$ cat start.tsv   # TSV, C-alpha atoms and all ligand atoms
chain	number	residue	atom	x	y	z
A	26	MET	CA	0.00	0.00	0.00
A	27	SER	CA	1.36	3.36	-1.03
A	28	ASN	CA	1.89	5.80	1.81
A	29	LYS	CA	0.78	8.70	-0.36
A	30	PHE	CA	-1.79	10.90	1.31
A	31	VAL	CA	-5.16	10.97	-0.43
A	32	VAL	CA	-8.24	13.17	0.07
A	33	GLY	CA	-11.65	12.06	-1.24
A	34	ALA	CA	-14.51	14.57	-1.25
A	35	ASP	CA	-18.13	14.11	-2.23
A	36	VAL	CA	-20.03	17.27	-3.16
A	37	GLY	CA	-23.80	16.96	-2.90
A	38	GLY	CA	-26.54	19.58	-2.99
A	39	THR	CA	-26.51	19.99	0.80
A	40	ALA	CA	-23.14	18.84	2.15
A	41	VAL	CA	-19.57	17.95	1.22
A	42	LYS	CA	-18.42	14.72	2.90
A	43	TRP	CA	-14.70	14.12	2.91
A	44	ILE	CA	-12.16	11.54	4.00
A	45	ALA	CA	-8.37	11.74	4.17
A	46	GLY	CA	-5.54	9.35	4.90
A	47	THR	CA	-3.10	6.91	3.33
A	48	ASP	CA	-5.68	4.12	2.89
A	49	PRO	CA	-9.16	5.08	1.61
A	50	ALA	CA	-10.65	1.94	3.22
A	51	THR	CA	-9.62	3.09	6.69
A	52	PRO	CA	-9.27	6.88	6.49
A	53	GLU	CA	-7.56	8.60	9.41
A	54	PHE	CA	-9.67	11.74	9.04
A	55	SER	CA	-13.20	12.52	7.88
A	56	GLY	CA	-15.73	15.29	8.13
A	57	GLU	CA	-18.67	17.10	6.62
A	58	ILE	CA	-19.15	20.76	5.68
A	59	PRO	CA	-22.20	22.51	4.20
A	60	THR	CA	-22.27	23.04	0.42
A	61	CYS	CA	-22.85	26.57	-0.86
A	62	PRO	CA	-24.94	25.65	-3.94
A	63	ASN	CA	-24.40	29.12	-5.37
A	64	ASP	CA	-20.75	29.64	-4.47
A	65	ILE	CA	-18.23	27.08	-5.67
A	66	GLU	CA	-15.21	29.06	-4.50
A	67	ALA	CA	-16.46	29.40	-0.91
A	68	THR	CA	-17.27	25.68	-0.77
A	69	PHE	CA	-13.80	24.66	-1.95
A	70	GLN	CA	-12.19	27.06	0.52
A	71	SER	CA	-14.24	25.59	3.43
A	72	LEU	CA	-13.23	22.10	2.33
A	73	ALA	CA	-9.54	23.04	2.30
A	74	ASP	CA	-9.90	24.70	5.75
A	75	ALA	CA	-11.71	21.63	7.15
A	76	VAL	CA	-8.99	19.23	5.93
A	77	ARG	CA	-6.20	21.54	7.06
A	78	SER	CA	-7.75	21.89	10.53
A	79	LYS	CA	-7.18	18.16	11.05
A	80	THR	CA	-3.91	17.44	9.21
A	81	ASP	CA	-1.02	19.31	7.64
A	82	CYS	CA	0.07	16.35	5.46
A	83	THR	CA	0.86	17.17	1.85
A	84	VAL	CA	-2.08	15.96	-0.25
A	85	ASN	CA	-0.63	13.80	-3.05
A	86	GLN	CA	-3.92	12.68	-4.56
A	87	PHE	CA	-7.28	14.43	-4.53
A	88	GLY	CA	-10.43	12.67	-5.68
A	89	LEU	CA	-13.45	14.90	-6.18
A	90	ALA	CA	-16.90	13.39	-6.63
A	91	CYS	CA	-19.62	15.84	-7.62
A	92	ALA	CA	-23.34	15.65	-8.32
A	93	GLY	CA	-24.11	16.32	-11.98
A	94	VAL	CA	-22.82	15.62	-15.45
A	95	ILE	CA	-19.06	16.21	-15.74
A	96	ASP	CA	-17.23	16.50	-19.05
A	97	PRO	CA	-14.18	14.22	-18.62
A	98	VAL	CA	-12.07	16.29	-21.04
A	99	THR	CA	-12.81	19.84	-19.87
A	100	SER	CA	-13.96	18.91	-16.31
A	101	LEU	CA	-16.81	21.40	-16.72
A	102	LEU	CA	-19.86	20.69	-14.59
A	103	CYS	CA	-23.22	20.78	-16.32
A	104	GLY	CA	-26.64	19.28	-15.66
A	105	SER	CA	-26.42	19.61	-11.88
A	106	PRO	CA	-29.81	21.05	-10.84
A	107	ASN	CA	-28.96	21.02	-7.12
A	108	LEU	CA	-25.78	23.11	-7.58
A	109	PRO	CA	-27.09	26.05	-9.62
A	110	GLY	CA	-24.09	28.33	-9.02
A	111	TRP	CA	-21.62	25.65	-10.10
A	112	GLN	CA	-23.00	25.24	-13.63
A	113	GLY	CA	-20.34	25.53	-16.32
A	114	LYS	CA	-17.51	25.80	-13.77
A	115	ASP	CA	-14.18	24.01	-14.28
A	116	LEU	CA	-13.97	21.64	-11.29
A	117	HIS	CA	-10.33	20.74	-11.99
A	118	LEU	CA	-9.30	24.37	-11.70
A	119	PHE	CA	-10.83	24.75	-8.22
A	120	ALA	CA	-9.50	21.35	-7.11
A	121	GLU	CA	-5.95	22.29	-8.14
A	122	THR	CA	-6.21	25.61	-6.36
A	123	ILE	CA	-6.87	24.10	-2.92
A	124	PHE	CA	-4.40	21.19	-3.11
A	125	PRO	CA	-1.77	22.38	-5.62
A	126	GLU	CA	0.54	19.39	-5.15
A	127	ALA	CA	-2.14	16.75	-5.71
A	128	ALA	CA	-2.94	14.68	-8.79
A	129	VAL	CA	-6.66	15.34	-9.29
A	130	THR	CA	-9.37	12.81	-10.23
A	131	ILE	CA	-12.94	14.03	-10.85
A	132	ILE	CA	-16.03	11.92	-11.31
A	133	ASN	CA	-19.80	12.00	-10.84
A	134	ASP	CA	-20.78	11.38	-7.20
A	135	VAL	CA	-22.92	8.29	-7.65
A	136	ASN	CA	-20.37	6.71	-9.99
A	137	ALA	CA	-17.87	7.19	-7.16
A	138	ALA	CA	-20.28	5.75	-4.57
A	139	LEU	CA	-20.86	2.68	-6.71
A	140	VAL	CA	-17.11	2.12	-7.11
A	141	GLY	CA	-16.83	2.34	-3.30
A	142	GLU	CA	-19.67	-0.16	-2.81
A	143	TRP	CA	-18.21	-2.43	-5.51
A	144	ILE	CA	-14.77	-2.62	-3.91
A	145	PHE	CA	-15.58	-2.44	-0.19
A	146	GLY	CA	-19.37	-2.61	0.27
A	147	ALA	CA	-22.61	-4.22	-0.86
A	148	GLY	CA	-21.37	-4.94	-4.40
A	149	ARG	CA	-18.22	-6.90	-3.50
A	150	GLY	CA	-17.73	-9.93	-5.73
A	151	HIS	CA	-20.24	-8.78	-8.38
A	152	ASN	CA	-19.45	-7.27	-11.78
A	153	ASN	CA	-22.91	-6.13	-12.92
A	154	LEU	CA	-24.32	-3.50	-10.60
A	155	ALA	CA	-26.80	-0.63	-10.70
A	156	MET	CA	-27.10	1.94	-7.94
A	157	LEU	CA	-29.69	4.49	-6.96
A	158	ALA	CA	-28.65	7.15	-4.46
A	159	LEU	CA	-31.58	8.89	-2.81
A	160	GLY	CA	-30.41	12.25	-1.51
A	161	THR	CA	-31.47	15.84	-2.17
A	162	GLY	CA	-31.74	14.59	-5.73
A	163	VAL	CA	-31.65	11.01	-6.98
A	164	GLY	CA	-28.50	9.87	-8.74
A	165	GLY	CA	-27.66	6.60	-10.39
A	166	ALA	CA	-24.68	4.62	-11.61
A	167	LEU	CA	-23.95	1.47	-13.54
A	168	ILE	CA	-21.14	-1.08	-13.69
A	169	ILE	CA	-21.36	-3.65	-16.49
A	170	ASP	CA	-18.83	-6.48	-16.85
A	171	GLY	CA	-16.64	-4.81	-14.23
A	172	GLN	CA	-16.54	-1.47	-16.07
A	173	LEU	CA	-18.09	1.78	-14.92
A	174	VAL	CA	-20.46	2.88	-17.70
A	175	THR	CA	-20.32	6.64	-18.22
A	176	GLY	CA	-22.04	6.78	-21.61
A	177	SER	CA	-21.30	8.45	-24.93
A	178	TYR	CA	-22.32	11.87	-23.60
A	179	ASN	CA	-21.27	11.42	-19.94
A	180	SER	CA	-24.71	10.95	-18.47
A	181	ALA	CA	-25.24	7.19	-18.29
A	182	GLY	CA	-27.05	6.04	-15.16
A	183	GLU	CA	-29.08	9.20	-14.55
A	184	PHE	CA	-31.86	6.93	-13.35
A	185	GLY	CA	-33.35	9.66	-11.13
A	186	HIS	CA	-34.68	11.39	-14.23
A	187	MET	CA	-36.58	8.48	-15.72
A	188	ILE	CA	-40.20	9.54	-15.95
A	189	ILE	CA	-42.42	7.39	-13.76
A	190	GLU	CA	-45.56	9.57	-13.85
A	191	ARG	CA	-46.70	11.42	-16.97
A	192	GLY	CA	-47.33	15.07	-16.08
A	193	GLY	CA	-46.38	14.32	-12.46
A	194	LEU	CA	-44.57	16.39	-9.84
A	195	GLU	CA	-42.05	18.92	-11.06
A	196	CYS	CA	-38.41	17.85	-10.82
A	197	ALA	CA	-35.37	20.09	-10.20
A	198	CYS	CA	-34.29	19.26	-13.78
A	199	GLY	CA	-37.38	21.03	-15.18
A	200	ASN	CA	-39.26	17.92	-16.28
A	201	LYS	CA	-42.33	16.50	-14.63
A	202	GLY	CA	-42.80	13.06	-13.12
A	203	CYS	CA	-39.13	12.07	-12.69
A	204	LEU	CA	-38.30	9.37	-10.13
A	205	GLU	CA	-36.31	12.07	-8.28
A	206	ALA	CA	-39.43	14.18	-7.84
A	207	TYR	CA	-40.98	11.37	-5.75
A	208	THR	CA	-38.04	9.69	-4.01
A	209	GLY	CA	-35.54	12.52	-3.47
A	210	SER	CA	-35.78	14.43	-0.19
A	211	ARG	CA	-37.27	17.50	-1.89
A	212	GLY	CA	-40.07	15.43	-3.41
A	213	ILE	CA	-40.77	13.57	-0.18
A	214	VAL	CA	-41.10	16.85	1.74
A	215	GLN	CA	-43.32	18.27	-1.00
A	216	ARG	CA	-45.61	15.24	-0.87
A	217	SER	CA	-45.79	15.46	2.94
A	218	ASN	CA	-47.51	18.88	2.72
A	219	THR	CA	-45.48	19.93	5.78
A	220	GLU	CA	-42.46	22.14	6.41
A	221	LEU	CA	-40.62	19.24	8.05
A	222	SER	CA	-37.30	17.85	6.82
A	223	VAL	CA	-36.99	14.23	5.72
A	224	ALA	CA	-35.05	13.50	8.93
A	225	ASP	CA	-37.97	14.88	11.00
A	226	LEU	CA	-40.52	12.98	8.93
A	227	PHE	CA	-38.44	9.85	9.49
A	228	LYS	CA	-38.51	10.44	13.26
A	229	LYS	CA	-42.30	10.83	13.11
A	230	ALA	CA	-42.64	7.58	11.18
A	231	GLU	CA	-40.38	5.77	13.65
A	232	ALA	CA	-42.57	7.08	16.48
A	233	GLY	CA	-45.59	5.48	14.80
A	234	ASP	CA	-47.17	8.45	13.00
A	235	GLN	CA	-49.37	6.81	10.35
A	236	GLU	CA	-49.22	9.68	7.85
A	237	ALA	CA	-45.43	9.66	7.93
A	238	ILE	CA	-45.33	5.85	7.63
A	239	ASP	CA	-47.66	6.05	4.60
A	240	LEU	CA	-45.48	8.75	3.06
A	241	PHE	CA	-42.40	6.51	3.18
A	242	ARG	CA	-44.40	3.47	2.01
A	243	GLU	CA	-45.55	5.47	-1.00
A	244	THR	CA	-41.93	6.55	-1.58
A	245	GLY	CA	-40.94	2.87	-1.61
A	246	GLU	CA	-43.72	2.12	-4.09
A	247	TYR	CA	-42.50	4.87	-6.43
A	248	LEU	CA	-38.95	3.60	-6.02
A	249	ALA	CA	-40.14	0.13	-7.03
A	250	ILE	CA	-41.27	1.49	-10.41
A	251	GLY	CA	-37.79	2.89	-11.05
A	252	VAL	CA	-36.05	-0.25	-9.79
A	253	GLY	CA	-38.36	-2.46	-11.87
A	254	ASN	CA	-37.54	-0.45	-14.99
A	255	LEU	CA	-33.83	-0.78	-14.24
A	256	ILE	CA	-34.03	-4.54	-13.79
A	257	ASN	CA	-36.02	-4.97	-17.00
A	258	ILE	CA	-33.48	-2.95	-18.98
A	259	ILE	CA	-30.18	-4.03	-17.40
A	260	ASP	CA	-30.81	-7.24	-15.43
A	261	PRO	CA	-27.91	-6.56	-13.02
A	262	ASP	CA	-26.70	-8.86	-10.23
A	263	LEU	CA	-27.77	-6.24	-7.70
A	264	VAL	CA	-29.53	-2.89	-7.48
A	265	ILE	CA	-27.90	-1.06	-4.57
A	266	ILE	CA	-30.00	1.60	-2.82
A	267	GLY	CA	-27.98	4.27	-1.01
A	268	GLY	CA	-28.01	7.97	-0.13
A	269	GLY	CA	-29.27	9.84	2.91
A	270	VAL	CA	-32.98	9.14	2.29
A	271	ALA	CA	-32.22	5.41	2.29
A	272	ARG	CA	-31.48	5.79	6.02
A	273	ALA	CA	-35.26	5.39	6.37
A	274	GLY	CA	-34.39	1.72	5.79
A	275	ASP	CA	-37.26	-0.76	5.87
A	276	LEU	CA	-39.84	2.03	5.80
A	277	ILE	CA	-38.87	2.49	2.13
A	278	MET	CA	-37.11	-0.77	1.27
A	279	LYS	CA	-39.87	-3.19	2.33
A	280	PRO	CA	-42.65	-1.69	0.15
A	281	CYS	CA	-40.12	-1.27	-2.67
A	282	ILE	CA	-39.03	-4.91	-2.57
A	283	GLN	CA	-42.67	-6.01	-2.27
A	284	ASP	CA	-43.71	-4.05	-5.36
A	285	VAL	CA	-40.69	-4.74	-7.61
A	286	SER	CA	-42.02	-8.21	-8.51
A	287	LYS	CA	-45.08	-6.57	-10.10
A	288	TYR	CA	-42.90	-4.87	-12.71
A	289	VAL	CA	-40.09	-7.34	-13.41
A	290	LEU	CA	-40.27	-10.03	-16.09
A	291	ALA	CA	-37.21	-12.00	-14.97
A	292	SER	CA	-37.61	-14.67	-12.32
A	293	ILE	CA	-35.73	-13.08	-9.42
A	294	LYS	CA	-35.95	-12.88	-5.67
A	295	PRO	CA	-36.30	-9.12	-5.20
A	296	GLU	CA	-35.05	-9.27	-1.60
A	297	GLU	CA	-31.76	-10.73	-2.88
A	298	VAL	CA	-31.38	-8.34	-5.83
A	299	VAL	CA	-32.48	-5.02	-4.29
A	300	VAL	CA	-30.09	-4.38	-1.41
A	301	PRO	CA	-29.13	-1.43	0.78
A	302	ALA	CA	-25.72	0.23	0.41
A	303	LYS	CA	-23.20	-0.71	3.08
A	304	LEU	CA	-20.64	2.07	3.19
A	305	GLY	CA	-22.94	4.77	4.52
A	306	ILE	CA	-22.53	8.45	3.86
A	307	ASN	CA	-18.85	8.24	2.92
A	308	ALA	CA	-19.29	5.79	0.00
A	309	ALA	CA	-18.60	8.36	-2.73
A	310	ALA	CA	-15.69	9.97	-0.89
A	311	ILE	CA	-14.12	6.53	-0.39
A	312	GLY	CA	-14.83	5.48	-4.00
A	313	VAL	CA	-13.30	8.58	-5.56
A	314	ALA	CA	-10.29	8.32	-3.23
A	315	VAL	CA	-9.75	4.76	-4.48
A	316	MET	CA	-9.97	6.01	-8.07
A	317	ALA	CA	-7.56	8.87	-7.31
A	318	ARG	CA	-5.15	6.34	-5.86
A	319	GLY	CA	-5.38	4.22	-9.03
A	320	ASN	CA	-4.89	7.20	-11.33
A	321	ALA	CA	-1.82	8.67	-9.66
A	401	ZN	ZN	-35.71	15.16	-13.36
$ encode --input "start.tsv" --output "structure tokens" --more "lines below"
Ligand SMILES: [Zn+2]
Amino acid sequence: MSNKFVVGADVGGTAVKWIAGTDPATPEFSGEIPTCPNDIEATFQSLADAVRSKTDCTVNQFGLACAGVIDPVTSLLCGSPNLPGWQGKDLHLFAETIFPEAAVTIINDVNAALVGEWIFGAGRGHNNLAMLALGTGVGGALIIDGQLVTGSYNSAGEFGHMIIERGGLECACGNKGCLEAYTGSRGIVQRSNTELSVADLFKKAEAGDQEAIDLFRETGEYLAIGVGNLINIIDPDLVIIGGGVARAGDLIMKPCIQDVSKYVLASIKPEEVVVPAKLGINAAAIGVAVMARGNA
């Protein structure tokens, strides 16, 4: 194992999760800072300050995972509805600025999370994997025959924007009826007709509130439509469900697994194919750190 020092950071619409150390599997340092969705420079500066407050090691490799569509040649971010102020910005430029001595690797956040789950988590030992990450938005990623599929135009696996309801709820991407509009935290809160956060709604459901329980059941049923579509198109070994919203666990997973059979043609055991992510909130930071390690 190289003793080079690697930082992995995962930029989502709400927070940046980061890890740092010589081995991404067992990072010595980790943390979380808020994302400024309209100010890329301030977010990168806070990230640098947060890392520097815990270690003064020279950063040799920096892996940056970011929500949205990233051009691998120009490293420009586009198609990231939850980071409006970051649109069209050169991620590589900002990454180099905060850790000037590091070799930089940049990739979509859910692609990074799936790589993390593939190597260390729920996907270990499998080479055909799909992932859905339920967070502020809903991201997706795909590994086929042991290769991350990024697509001809860099947007493969954007499963959150498959339309599951014609003329349905409005999505952050501008379309109506996307899976994200029903199973991302924004959509869940909107459907709750309350001002509560998903975390608060989750607490209510755990305490036995029937309306909150029904809300998450319905979320699981919407998720099942998306997962069923994925299985019919790709037929992967596993569909891994991750992201912050997935912390609601069985409240979402049980109705999802129950309903998936309705939509799938293949003879599968949904409870063995649709599985929760294992690495928790640091999956993408770990995954992109592993990729940064491989690229340097
Ligand atoms: Zn959408």
$ residues_around --input "start.tsv" --residues "Ile265 in chain A" --least-positions-apart "3" --cutoff "6 Å" --atoms "only C-alpha atoms" --output "list in words"
Met156, Val300, Pro301 and Ala302 of chain A
$ atom_distance --input "start.tsv" --atom1 "CA of Gly37 in chain A" --atom2 "CA of Arg211 in chain A"
13.5 Å
$ residues_near_ligand --input "start.tsv" --ligand "ligand ZN 401 (chain A)" --cutoff "7 Å" --atoms "only C-alpha atoms and all ligand atoms" --output "ChimeraX atom specification"
/A:185-186,196-201,203,205-206
$ residues_near_point --input "start.tsv" --point "(-0.6, 8.8, -4.7)" --cutoff "6 Å" --atoms "all atoms listed in the file" --output "PyMOL selection string"
chain A and resi 29+85-86+318+321
$ atom_distance --input "start.tsv" --atom1 "CA of Cys91 in chain A" --atom2 "CA of Arg216 in chain A"
26.9 Å
$ atom_distance --input "start.tsv" --atom1 "CA of Ala314 in chain A" --atom2 "CA of Cys103 in chain A"
22.2 Å
$ closest_residue --input "start.tsv" --among "A:Ile306, A:Ala155, A:Ala166, A:Leu173" --to "Val252 in chain A" --atoms "only C-alpha atoms"
A:Ala155
$ closest_residue --input "start.tsv" --among "A:Leu89, A:Val98, A:Leu154, A:Val41" --to "Ala128 in chain A" --atoms "all atoms listed in the file"
A:Leu89
$ residues_near_point --input "start.tsv" --point "(-26.8, 30.1, -6.4)" --cutoff "10 Å" --atoms "only C-alpha atoms" --output "MDAnalysis selection string"
chainID A and resid 61:65 107:112
$ residues_around --input "start.tsv" --residues "Ser105 in chain A" --least-positions-apart "6" --cutoff "7 Å" --atoms "only C-alpha atoms" --output "MDAnalysis selection string"
chainID A and resid 92:94 112
$ residues_around --input "start.tsv" --residues "range 145-147 of chain A" --least-positions-apart "5" --cutoff "10 Å" --atoms "all atoms listed in the file" --output "JSON, numbers by chain"
{"A": [50, 138, 139, 140, 154, 263, 264, 265, 266, 300, 301, 302, 303, 304, 305, 308, 311, 312]}
$ write_last_selection --input "start.tsv" --atoms "C-alpha atoms" --output "compact mmCIF listing (two decimals), in the frame of the given file"
# COMPACT_ATOMS: atom_id res chain seq x y z
CA ALA A 50 -10.65 1.94 3.22
CA ALA A 138 -20.28 5.75 -4.57
CA LEU A 139 -20.86 2.68 -6.71
CA VAL A 140 -17.11 2.12 -7.11
CA LEU A 154 -24.32 -3.50 -10.60
CA LEU A 263 -27.77 -6.24 -7.70
CA VAL A 264 -29.53 -2.89 -7.48
CA ILE A 265 -27.90 -1.06 -4.57
CA ILE A 266 -30.00 1.60 -2.82
CA VAL A 300 -30.09 -4.38 -1.41
CA PRO A 301 -29.13 -1.43 0.78
CA ALA A 302 -25.72 0.23 0.41
CA LYS A 303 -23.20 -0.71 3.08
CA LEU A 304 -20.64 2.07 3.19
CA GLY A 305 -22.94 4.77 4.52
CA ALA A 308 -19.29 5.79 0.00
CA ILE A 311 -14.12 6.53 -0.39
CA GLY A 312 -14.83 5.48 -4.00
$ closest_residue --input "start.tsv" --among "A:Ser210, A:Ser55, A:Ser78, A:Asn133" --to "Thr175 in chain A" --atoms "all atoms listed in the file"
A:Asn133
$ closest_residue --input "start.tsv" --among "A:Arg191, A:Lys279, A:Lys228, A:Lys114" --to "Glu243 in chain A" --atoms "all atoms listed in the file"
A:Lys279
$ residues_around --input "start.tsv" --residues "Lys229 in chain A" --least-positions-apart "5" --cutoff "12 Å" --atoms "all atoms listed in the file" --output "ChimeraX atom specification"
/A:217,221-224,234-241,273,276
$ closest_residue --input "start.tsv" --among "A:Glu66, A:Glu195, A:Asp260, A:Asp225" --to "Leu118 in chain A" --atoms "all atoms listed in the file"
A:Glu66
